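Dropping model37.cif in here (mmCIF, C-alpha atoms):
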data_coords
loop_
_atom_site.label_atom_id
_atom_site.label_comp_id
_atom_site.auth_asym_id
_atom_site.auth_seq_id
_atom_site.Cartn_x
_atom_site.Cartn_y
_atom_site.Cartn_z
CA PHE A 1 -202.00 -111.17 35.92
CA GLU A 2 -205.33 -112.19 34.47
CA GLN A 3 -205.22 -115.62 36.12
CA LEU A 4 -204.43 -114.15 39.53
CA ILE A 5 -207.24 -111.62 39.24
CA ASN A 6 -209.66 -114.37 38.18
CA ILE A 7 -208.76 -116.48 41.23
CA ILE A 8 -209.35 -113.56 43.61
CA PHE A 9 -212.60 -112.59 41.88
CA TYR A 10 -214.14 -116.06 41.88
CA SER A 11 -213.10 -116.66 45.49
CA MET A 12 -214.85 -113.50 46.63
CA LEU A 13 -217.87 -114.34 44.50
CA THR A 14 -218.11 -117.78 46.15
CA LEU A 15 -218.05 -116.21 49.61
CA VAL A 16 -220.80 -113.75 48.66
CA VAL A 17 -223.02 -116.50 47.23
CA MET A 18 -222.54 -118.65 50.34
CA ALA A 19 -223.49 -115.70 52.54
CA LEU A 20 -226.65 -115.07 50.50
CA LEU A 21 -227.65 -118.73 50.83
CA GLY A 22 -227.22 -118.60 54.59
CA VAL A 23 -224.18 -120.87 54.70
CA ASP A 24 -221.51 -119.97 57.21
CA PRO A 25 -218.16 -120.01 55.29
CA SER A 26 -216.12 -120.41 58.48
CA ARG A 27 -217.71 -123.78 59.29
CA LEU A 28 -217.02 -124.99 55.79
CA PHE A 29 -213.37 -123.93 56.03
CA LEU A 30 -212.98 -125.60 59.43
CA SER A 31 -214.30 -128.86 58.03
CA LEU A 32 -211.83 -128.67 55.20
CA THR A 33 -208.88 -127.97 57.52
CA GLY A 34 -208.30 -131.67 58.16
CA ILE A 35 -207.79 -132.18 54.43
CA LEU A 36 -205.94 -128.95 53.64
CA LEU A 37 -203.37 -129.28 56.43
CA PRO A 38 -201.74 -132.53 55.15
CA LEU A 39 -201.88 -131.19 51.61
CA SER A 40 -200.06 -128.06 52.71
CA PHE A 41 -197.08 -130.16 53.86
CA LEU A 42 -197.23 -132.16 50.64
CA PHE A 43 -197.14 -129.12 48.36
CA SER A 44 -195.08 -126.78 50.55
CA ALA A 45 -191.94 -127.03 48.36
CA ALA A 46 -193.91 -126.51 45.15
CA ALA A 47 -195.80 -123.62 46.70
CA SER A 48 -192.52 -122.03 47.81
CA LYS A 49 -191.10 -122.28 44.29
CA TYR A 50 -194.32 -120.88 42.84
CA PHE A 51 -194.19 -117.93 45.23
CA GLU A 52 -190.56 -117.26 44.28
CA GLY A 53 -191.63 -117.28 40.64
CA LEU A 54 -194.40 -114.79 41.39
CA LEU A 55 -191.91 -112.44 43.06
CA LEU A 56 -189.59 -112.81 40.06
CA ILE A 57 -192.29 -111.84 37.56
CA LEU A 58 -194.23 -109.27 39.62
CA ALA A 59 -191.46 -107.62 41.66
CA ARG A 60 -188.07 -108.14 40.04
CA ARG A 61 -189.21 -108.26 36.40
CA PRO A 62 -185.75 -109.04 34.97
CA TYR A 63 -187.01 -109.32 31.38
CA ASP A 64 -189.87 -108.49 29.06
CA ILE A 65 -191.27 -110.19 25.97
CA GLY A 66 -188.84 -109.82 23.06
CA ASP A 67 -185.70 -109.42 25.19
CA ARG A 68 -182.59 -111.49 24.68
CA ILE A 69 -181.60 -113.16 27.94
CA ALA A 70 -178.72 -115.40 29.02
CA ILE A 71 -179.24 -117.73 31.99
CA SER A 72 -176.33 -119.09 34.04
CA GLU A 73 -175.22 -119.91 37.55
CA PRO A 74 -174.26 -116.83 39.59
CA ARG A 75 -170.83 -118.31 40.40
CA ASP A 76 -169.88 -118.94 36.76
CA ASP A 77 -167.98 -116.28 34.84
CA THR A 78 -169.48 -114.90 31.66
CA SER A 79 -167.70 -114.89 28.31
CA THR A 80 -166.11 -111.69 27.03
CA ASP A 81 -167.42 -112.59 23.57
CA GLY A 82 -171.02 -112.32 24.77
CA SER A 83 -173.28 -114.92 26.34
CA THR A 84 -175.52 -117.42 24.53
CA THR A 85 -178.94 -115.75 24.44
CA TRP A 86 -182.60 -116.74 24.23
CA PHE A 87 -185.53 -114.66 23.02
CA VAL A 88 -188.38 -114.32 25.54
CA GLU A 89 -191.62 -115.28 23.75
CA GLN A 90 -194.18 -115.68 26.52
CA ILE A 91 -194.44 -114.95 30.24
CA THR A 92 -197.05 -116.43 32.59
CA LEU A 93 -197.29 -116.58 36.37
CA TYR A 94 -195.80 -120.07 36.36
CA GLN A 95 -193.44 -120.37 33.40
CA THR A 96 -191.46 -118.46 30.77
CA THR A 97 -191.20 -119.62 27.15
CA VAL A 98 -187.94 -118.77 25.34
CA ARG A 99 -186.50 -119.39 21.89
CA MET A 100 -182.83 -120.07 21.17
CA ALA A 101 -181.50 -117.20 19.06
CA ALA A 102 -179.00 -119.34 17.13
CA THR A 103 -180.94 -122.56 16.46
CA ASN A 104 -184.57 -121.41 16.80
CA GLU A 105 -185.24 -124.08 19.46
CA VAL A 106 -188.04 -123.44 21.96
CA ALA A 107 -187.77 -124.16 25.69
CA THR A 108 -189.73 -123.40 28.86
CA TYR A 109 -188.50 -122.50 32.33
CA SER A 110 -190.52 -122.47 35.52
CA ASN A 111 -190.28 -119.03 37.06
CA GLY A 112 -189.33 -120.56 40.39
CA SER A 113 -186.24 -122.21 38.88
CA LEU A 114 -185.13 -118.88 37.40
CA ALA A 115 -185.38 -117.06 40.72
CA THR A 116 -181.97 -118.29 41.95
CA LEU A 117 -180.12 -117.94 38.63
CA ARG A 118 -178.29 -115.02 37.05
CA ILE A 119 -180.30 -113.51 34.21
CA ILE A 120 -178.41 -111.27 31.77
CA ASN A 121 -180.73 -109.04 29.77
CA ALA A 122 -179.11 -108.04 26.46
CA ASN A 123 -181.76 -105.41 25.78
CA ARG A 124 -180.85 -103.69 29.04
CA SER A 125 -177.11 -103.89 28.32
CA PRO A 126 -176.39 -100.87 26.11
CA LYS A 127 -173.08 -99.95 24.49
CA ALA A 128 -171.59 -103.42 24.15
CA SER A 129 -167.92 -103.76 25.06
CA VAL A 130 -165.95 -105.85 22.54
CA TYR A 131 -162.51 -107.41 22.95
CA VAL A 132 -160.03 -108.44 20.25
CA TYR A 133 -156.94 -110.41 21.32
CA LEU A 134 -153.64 -110.25 19.42
CA LYS A 135 -150.20 -111.85 19.70
CA PHE A 136 -146.99 -110.04 18.76
CA GLY A 137 -143.45 -111.43 18.87
CA ILE A 138 -141.23 -110.28 21.73
CA ASP A 139 -138.75 -108.95 19.18
CA VAL A 140 -141.27 -106.38 17.84
CA PRO A 141 -140.13 -102.87 18.88
CA TYR A 142 -142.41 -101.01 21.26
CA GLU A 143 -142.51 -98.01 18.91
CA LYS A 144 -144.07 -100.20 16.26
CA VAL A 145 -146.67 -101.40 18.79
CA LYS A 146 -147.57 -97.78 19.59
CA ILE A 147 -148.00 -97.03 15.88
CA PHE A 148 -150.28 -100.08 15.62
CA GLY A 149 -152.41 -98.75 18.49
CA ASN A 150 -152.71 -95.33 16.80
CA VAL A 151 -153.82 -96.99 13.54
CA VAL A 152 -156.53 -98.98 15.36
CA GLU A 153 -157.72 -95.84 17.17
CA THR A 154 -157.98 -93.99 13.84
CA PHE A 155 -159.96 -96.92 12.42
CA VAL A 156 -162.44 -96.65 15.31
CA LYS A 157 -162.79 -92.85 15.08
CA GLU A 158 -163.53 -93.04 11.35
CA ARG A 159 -166.63 -95.21 12.06
CA PRO A 160 -168.77 -93.22 14.53
CA ARG A 161 -171.90 -95.11 13.47
CA GLU A 162 -170.38 -98.35 14.73
CA TRP A 163 -167.97 -97.53 17.53
CA LEU A 164 -168.11 -95.07 20.38
CA ARG A 165 -164.46 -95.12 21.43
CA LEU A 166 -161.32 -97.16 21.92
CA VAL A 167 -161.36 -98.09 25.60
CA ALA A 168 -157.94 -99.71 25.93
CA PHE A 169 -154.99 -101.21 24.05
CA ARG A 170 -152.57 -102.89 26.40
CA ALA A 171 -150.46 -105.99 27.01
CA THR A 172 -152.05 -108.70 29.14
CA VAL A 173 -149.77 -111.78 28.92
CA LEU A 174 -146.00 -112.11 28.48
CA GLU A 175 -144.74 -115.54 27.35
CA VAL A 176 -140.94 -115.37 27.04
CA ASP A 177 -140.53 -119.12 26.44
CA LEU A 178 -143.04 -119.10 23.58
CA GLY A 179 -141.77 -115.78 22.27
CA TYR A 180 -144.89 -113.60 22.24
CA ILE A 181 -146.75 -110.84 24.07
CA LYS A 182 -150.55 -110.96 24.13
CA TYR A 183 -152.41 -107.68 23.67
CA VAL A 184 -156.08 -106.82 24.01
CA VAL A 185 -158.03 -104.19 22.09
CA ALA A 186 -161.12 -103.08 24.05
CA ILE A 187 -163.72 -101.08 22.11
CA GLN A 188 -167.20 -99.86 22.96
CA HIS A 189 -169.91 -100.38 20.35
CA ILE A 190 -172.79 -98.01 19.76
CA GLU A 191 -175.38 -100.83 19.83
CA SER A 192 -176.50 -102.98 22.75
CA TRP A 193 -176.08 -106.76 22.97
CA GLN A 194 -179.72 -107.03 21.84
CA ASN A 195 -178.42 -106.40 18.28
CA ILE A 196 -175.73 -109.07 18.58
CA GLY A 197 -175.58 -109.59 14.81
CA VAL A 198 -174.46 -106.01 14.20
CA VAL A 199 -171.97 -106.16 17.08
CA SER A 200 -170.49 -109.44 15.86
CA GLN A 201 -170.07 -108.14 12.31
CA SER A 202 -168.30 -105.01 13.53
CA LYS A 203 -166.01 -107.13 15.67
CA ALA A 204 -165.20 -109.38 12.70
CA ASP A 205 -164.31 -106.32 10.58
CA LEU A 206 -162.06 -104.96 13.31
CA SER A 207 -160.33 -108.32 13.77
CA SER A 208 -159.64 -108.59 10.04
CA PHE A 209 -158.30 -105.04 9.97
CA CYS A 210 -155.93 -105.73 12.89
CA LEU A 211 -154.67 -108.87 11.17
CA GLU A 212 -153.95 -107.06 7.90
CA VAL A 213 -152.17 -104.20 9.68
CA SER A 214 -150.01 -106.61 11.67
CA LYS A 215 -149.04 -108.38 8.42
CA LYS A 216 -148.06 -105.16 6.67
CA MET A 217 -146.04 -103.96 9.66
CA GLY A 218 -144.31 -107.32 10.07
CA MET A 219 -145.72 -107.87 13.55
CA ARG A 220 -147.54 -111.14 12.99
CA TYR A 221 -146.54 -113.80 15.48
CA ILE A 222 -145.63 -117.23 14.12
CA ALA A 223 -145.55 -120.02 16.68
CA PRO A 224 -142.29 -122.02 16.84
CA PRO A 225 -142.45 -125.60 15.53
CA MET A 226 -143.19 -128.19 18.16
CA PRO A 227 -140.77 -131.16 18.58
CA VAL A 228 -141.94 -134.46 17.10
CA ASP A 229 -140.95 -137.82 18.64
CA LEU A 230 -140.85 -140.60 16.02
CA SER A 231 -139.51 -143.33 18.30
CA PHE A 232 -141.37 -146.65 18.59
CA ALA A 233 -141.95 -147.73 22.15
CA ASN A 234 -142.54 -151.40 21.27
CA ASP A 235 -139.42 -151.77 19.09
CA PRO A 236 -136.12 -151.91 21.07
CA LYS A 237 -134.09 -150.99 17.97
CA ASN A 238 -136.40 -148.11 16.97
CA TYR A 239 -136.54 -149.09 13.30
CA LEU A 240 -138.45 -146.88 10.90
CA PRO A 241 -140.92 -148.64 8.57
CA GLY A 242 -139.04 -150.56 5.86
CA GLU A 243 -135.61 -150.41 7.53
CA ARG A 244 -135.68 -154.09 8.55
CA ALA A 245 -136.25 -155.14 4.97
CA GLU A 246 -133.24 -153.05 3.87
CA THR A 247 -130.98 -154.60 6.54
CA GLY A 248 -132.09 -158.10 5.61
CA GLU A 249 -133.93 -158.86 8.84
CA SER A 250 -137.21 -160.69 8.68
CA LEU A 251 -140.40 -158.72 9.27
CA GLN A 252 -142.13 -161.83 10.55
CA PRO A 253 -143.54 -161.38 14.10
CA ASN A 254 -141.85 -163.20 16.96
CA HIS A 255 -144.84 -165.39 17.72
CA VAL A 256 -144.84 -166.66 14.11
CA LYS A 257 -141.15 -167.59 14.36
CA GLN A 258 -141.82 -169.41 17.61
CA LYS A 259 -144.57 -171.35 15.94
CA SER A 260 -142.15 -172.60 13.22
CA HIS A 261 -139.62 -173.79 15.85
CA ASP A 262 -142.38 -175.68 17.67
CA SER A 263 -143.43 -177.47 14.47
CA VAL A 264 -139.83 -178.63 13.80
CA GLY A 265 -139.51 -179.97 17.33
CA PHE A 266 -142.78 -181.84 16.97
CA GLN A 267 -141.55 -183.48 13.75
CA ASN A 268 -138.31 -184.63 15.47
CA ILE A 269 -140.27 -186.21 18.35
CA ALA A 270 -142.59 -187.93 15.90
CA ALA A 271 -139.56 -189.36 14.00
CA LEU A 272 -138.07 -190.81 17.19
CA PHE A 273 -141.41 -192.39 18.10
CA HIS A 274 -141.59 -193.95 14.62
CA GLN A 275 -138.07 -195.41 14.97
CA GLU A 276 -138.92 -196.99 18.37
CA LYS A 277 -142.09 -198.53 16.89
CA THR A 278 -140.25 -200.10 13.92
CA ALA A 279 -137.50 -201.46 16.17
#
If you took the structure in this file and wrote it as structure tokens, what would it be?
Amino acid sequence: FEQLINIIFYSMLTLVVMALLGVDPSRLFLSLTGILLPLSFLFSAAASKYFEGLLLILARRPYDIGDRIAISEPRDDTSTDGSTTWFVEQITLYQTTVRMAATNEVATYSNGSLATLRIINANRSPKASVYVYLKFGIDVPYEKVKIFGNVVETFVKERPREWLRLVAFRATVLEVDLGYIKYVVAIQHIESWQNIGVVSQSKADLSSFCLEVSKKMGMRYIAPPMPVDLSFANDPKNYLPGERAETGESLQPNHVKQKSHDSVGFQNIAALFHQEKTA
């Protein structure tokens, strides 16, 4: 805001000084119109972007210094595991400086380029919703699944400083051919996405707990072995390595054998030529 106020102040001061000196400001502006008009067409796109950036910072104000933000296209879906975030370090009328939370890299965005993007503010996203996905075999009884859900709910209720409540525990995908049912555990954390380290650690603890419970209850899904094709496309007899040696066939490539036949034929032709020369 300081730069904008300085521009307005010095512009008004210039007009006052020109009036005191007896210079008509309107004549000066009319003389400069011939220069300013072509420049206005030249910088119209940049000026439009700059004005959009001003509206973003002054009117919308989607973030403040210190907030975690995630920037993406409005049409793209966000991840249920949380978006990749940047820390806001500095905000000016033209650009915003951010720092990557994971790698500590620094980047700058022009405010005009951010005006059309979706900006997720982690600091303004309280009570993070966390999802844990599980796979159970289709042969697991439903009663055992209900007991598993009650155990997870008890685990959440015993940690009121981490979790608010168990939102849902339900099946989402049924794969009969692969032999499993996919379940989702939806929980609401007490912290916001601004404290993503605390949220991620709580999610890791819950995932480990669900895995151990599924092991003890015999509900862990084991994927069936995939078929393996050991045939050789370039070998019409589909020999395995070493089988030709056991059957007595030569392992010499075909082009090498052809080369030996060619050399024998050349020797026979040379012998005939020698006989005709001696005769």
Between region 98-153 of chain A and region 196-210 of chain A, at 8 Å or less, what are the per-residue closest atom pairs and their distances in Å? Count all atoms listed in the file, order by chain and rising residue number, and return it as JSON lines.
{"residue": "A:Ala128", "atom": "CA", "partner": "A:Val199", "partner_atom": "CA", "distance": 7.6}
{"residue": "A:Val130", "atom": "CA", "partner": "A:Lys203", "partner_atom": "CA", "distance": 7.0}
{"residue": "A:Val132", "atom": "CA", "partner": "A:Ser207", "partner_atom": "CA", "distance": 6.5}
{"residue": "A:Val152", "atom": "CA", "partner": "A:Cys210", "partner_atom": "CA", "distance": 7.2}
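All residues of protein, DNA or RNA that reach within 8 Å of region 178-186 of chain A, judged by only C-alpha atoms and not counting those fewer than 5 positions away in the chain, are Ser129, Val130, Tyr131, Val132, Tyr133, Leu134, Lys135, Phe136, Gly137, Ile138, Leu166, Val167, Ala168, Phe169, Arg170, Ala171, Thr172, Val173, Tyr221, Ala223 and Pro224 of chain A.
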task = Can you turn the PyMOL selection byres ((chain A and resi 117-119) around 7) into a concrete residue list for this file, as JSON, numbers by chain?
result = {"A": [69, 70, 71, 72, 73, 74, 114, 115, 116, 120, 121]}
key: Neighbour list for region 52-67 of chain A as a PyMOL selection string, cut-off 7 Å, only C-alpha atoms, skip fewer than 5 positions in-chain   = chain A and resi 87-90+93-94+111-112+115+121-123
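With CA of Ala101 (chain A) on one side and CA of Ser83 (chain A) on the other, the separation reads 11.2 Å.
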